[in-house]
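S.K.: I have a structure I would like to understand better, so I am pasting it below and will then ask my questions one at a time.
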Amino acid sequence: MVSAMTKHAKLIAGNWKMNGGLNANEALLRALLQGAGGARCDVAVCVPAPYFSQVQSLLAGSPIALGAQDISAHAQGAYTGEQSAAMLKEFGVRYAIVGHSERRQYHFETDDVVASKAEAALANGITPIVCVGETLAQRDAGQTEEVVKRQLAAVIHVNGHCISEIVVAYEPVWAIGTGKTATPEQAQAVHAVLRAQLHHAASEHAPGIRILYGGSMNAANAAELLAQADIDGGLIGGASLKAPDFLQIIAAVA
Ligand code: 13P
């Protein structure tokens, strides 16, 4: 049966994490702008907040979108160190990563906080990239499905009415920055679980919601991962900092 919902183009998003500098950013973005012309997918770079202004001007008029790595759940006020969705909007931010495992681990973000951050993004027209993923101990204990479903359920619970607007990223914690990638079969299996959960929440929209894979995706393994039925793009850490690598991942989208 053909779905009534048109599928979005795949999305390749770079997560620079806490890397970069004015000179390095400019060199990287100029190389990306030169090389990403014929991209068959949507492309975004999620950069550290101090560089929003710089990156906004360098990307102006280009098809590469600007993203943030986090967003406050609050609208404004006494929240030292946080950036609101409205502030992000002023710099043309289109995507915000929420619930990255590094934020869950080092900043103790709970499923409820992640759901509120997604809500703040959606209320301001920013697409949240909601990260879910299990640790190695959880995988070894056979808890992968239970963990990712719990993490996504919290976001669906708060944002069910506009769930079609989110992007999901499956990032197994044991694959992040380790060079250990989930096999295409391992990743596809979890993506299928997430797709079924989205289907349960919003059947007509589920086929169109993009589910990205993240965790040591690189130029060599991207094509095989991206060929899986439920892998709709990638969230790339280390390899997004090197223009040739990131461009090769973009080119791997069939
Ligand atoms: P790496 O690609 O460096 O493993 O990082 C993945 C990630 O955490 C993207 O958000």
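Simple scheme: letters A, B, ... for chains in structure tokens order, numbers from 1 for residues in each chain, numbers from 1 for ligands in the order shown.
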List all protein, DNA and RNA residues that have at least one atom no more than 7 Å from any atom of ligand 1, counting only C-alpha atoms and all ligand atoms, and write them as a ChimeraX atom specification.
M.R.: /A:15,100,171,175-179,214-217,235-239
S.K.: Excluding stretch 186-202 of chain A and residues on its chain fewer than 6 positions from it, collect all residues at most 7 Å away from it, counting only C-alpha atoms, and give them as a list in words.
M.R.: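 Listed by chain and then number, they are Glu145, Lys149, Gly160, Ile211, Gln228, Asp230 and Ile231 of chain A.
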S.K.: Could the residues in this selection be written to a file with N, CA, C and O atoms, as a PDB file, in the first residue's frame?
M.R.:
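Output below, filename out-v1.pdb:
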ATOM      1  N   GLU A 145      15.474  -2.150  23.472  1.00  0.00           N
ATOM      2  CA  GLU A 145      14.158  -1.744  23.014  1.00  0.00           C
ATOM      3  C   GLU A 145      13.409  -0.959  24.095  1.00  0.00           C
ATOM      4  O   GLU A 145      12.818   0.094  23.835  1.00  0.00           O
ATOM      5  N   LYS A 149      12.389   3.026  23.718  1.00  0.00           N
ATOM      6  CA  LYS A 149      10.953   3.281  23.719  1.00  0.00           C
ATOM      7  C   LYS A 149      10.547   4.190  24.872  1.00  0.00           C
ATOM      8  O   LYS A 149       9.692   5.069  24.710  1.00  0.00           O
ATOM      9  N   GLY A 160       2.555  14.873  21.407  1.00  0.00           N
ATOM     10  CA  GLY A 160       1.827  13.990  20.500  1.00  0.00           C
ATOM     11  C   GLY A 160       1.128  14.721  19.375  1.00  0.00           C
ATOM     12  O   GLY A 160       1.124  14.251  18.235  1.00  0.00           O
ATOM     13  N   ILE A 211      14.061   9.275  10.920  1.00  0.00           N
ATOM     14  CA  ILE A 211      14.799   8.640  12.014  1.00  0.00           C
ATOM     15  C   ILE A 211      16.252   8.520  11.554  1.00  0.00           C
ATOM     16  O   ILE A 211      16.565   7.763  10.625  1.00  0.00           O
ATOM     17  N   GLN A 228      19.335   1.281   4.593  1.00  0.00           N
ATOM     18  CA  GLN A 228      18.330   0.520   5.356  1.00  0.00           C
ATOM     19  C   GLN A 228      16.960   1.207   5.266  1.00  0.00           C
ATOM     20  O   GLN A 228      16.867   2.436   5.211  1.00  0.00           O
ATOM     21  N   ASP A 230      14.551   1.926   7.272  1.00  0.00           N
ATOM     22  CA  ASP A 230      14.076   2.919   8.236  1.00  0.00           C
ATOM     23  C   ASP A 230      15.163   3.885   8.691  1.00  0.00           C
ATOM     24  O   ASP A 230      15.005   4.559   9.707  1.00  0.00           O
ATOM     25  N   ILE A 231      16.257   3.950   7.969  1.00  0.00           N
ATOM     26  CA  ILE A 231      17.314   4.926   8.296  1.00  0.00           C
ATOM     27  C   ILE A 231      17.193   6.089   7.314  1.00  0.00           C
ATOM     28  O   ILE A 231      17.444   5.946   6.126  1.00  0.00           O
TER      29      ILE A 231
END
S.K.: Excluding stretch 131-138 of chain A and any residue of its chain fewer than 3 positions from it, enumerate the residues within 7 Å of it, using only C-alpha atoms, and give them as a PyMOL selection string.
M.R.: chain A and resi 98-100+141-144+147-148+151-152+168-174
S.K.: Using DSSP on the backbone coordinates, identify all residues within stretch 9-108 of chain A classified as strand (DSSP E); present the result as a list in words.
M.R.: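 Output for stretch 9-108 of chain A, strand (DSSP E) only: Leu11, Ile12, Ala13, Gly14, Asn15, Asp42, Val43, Ala44, Val45, Cys46, Ile64, Ala65, Leu66, Gly67, Ala68, Val93, Arg94, Tyr95, Ala96, Ile97 and Val98 of chain A.
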S.K.: One decimal, in Å: what's the spacing between atom CA of A:Leu28 and atom CA of A:Ser53?
M.R.: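 Separation of atom CA of A:Leu28 and atom CA of A:Ser53: 15.6 Å.
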S.K.: Hey, what's within 9 Å of stretch 86-89 of chain A if we count only C-alpha atoms and toss same-chain stuff fewer than 3 positions away? As a list of chain:residue names, please?
M.R.: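 Within the cut-off, the hits are A:Ala49, A:Phe52, A:Gly67, A:Ala68, A:Ile71, A:Ala75, A:Gln76, A:Gln83, A:Gly92, A:Val93, A:Arg94, A:Ala96, A:Ala121, A:Asn124, A:Gly125, A:Ile126.
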S.K.: How far is it from atom CA of A:Phe91 to atom CA of A:Leu66, in Å with one decimal?
M.R.: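 About the pair atom CA of A:Phe91 and atom CA of A:Leu66: they are 8.6 Å apart.
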S.K.: Find the residue from A:Leu29, A:Ile163, A:Ile250, A:Cys41 that sits nearest to A:Ala60; use only C-alpha atoms when measuring.
M.R.: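 Ranking A:Leu29, A:Ile163, A:Ile250, A:Cys41 by distance to A:Ala60, first place goes to A:Leu29.
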S.K.: Can you tell me how far atom CA of A:Ile129 sits from atom CA of A:Arg210, in Å to one decimal?
M.R.: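 If I compute the distance from atom CA of A:Ile129 to atom CA of A:Arg210, I get 9.3 Å.
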S.K.: Check the smallest atom-to-atom distance from each of A:Thr110, A:Ser240, A:Ser203, A:Ser84 to A:Ala219 using only C-alpha atoms, then report the winner.
M.R.: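 Using only C-alpha atoms, A:Ala219 sits closest to A:Ser240.
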S.K.: Could you name the residues that touch A:Ile12 at 6 Å or less, counting only C-alpha atoms, but leaving out those on the same chain fewer than 3 positions away, as a list in words?
M.R.: Val43, Gly233 and Gly234 of chain A
S.K.: Next, dump the selected residues to file, keeping only C-alpha atoms, as a PDB file, in the first residue's frame.
M.R.:
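Saved the output as again21.pdb:
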ATOM      1  CA  VAL A  43      22.056  19.095   5.203  1.00  0.00           C
ATOM      2  CA  GLY A 233      19.717  10.123   7.528  1.00  0.00           C
ATOM      3  CA  GLY A 234      22.613  10.536   9.889  1.00  0.00           C
TER       4      GLY A 234
END
S.K.: Give the answer as one residue: which of A:Leu247, A:Val55, A:Pro50, A:Pro184 has the shortest atom-to-atom distance to A:Gly81, using only C-alpha atoms?
M.R.: A:Pro50
S.K.: Given only C-alpha atoms as the basis, pick out the residue of A:Asp112, A:Gly35, A:Arg139, A:Ala182 nearest to A:Asn159.
M.R.: A:Asp112
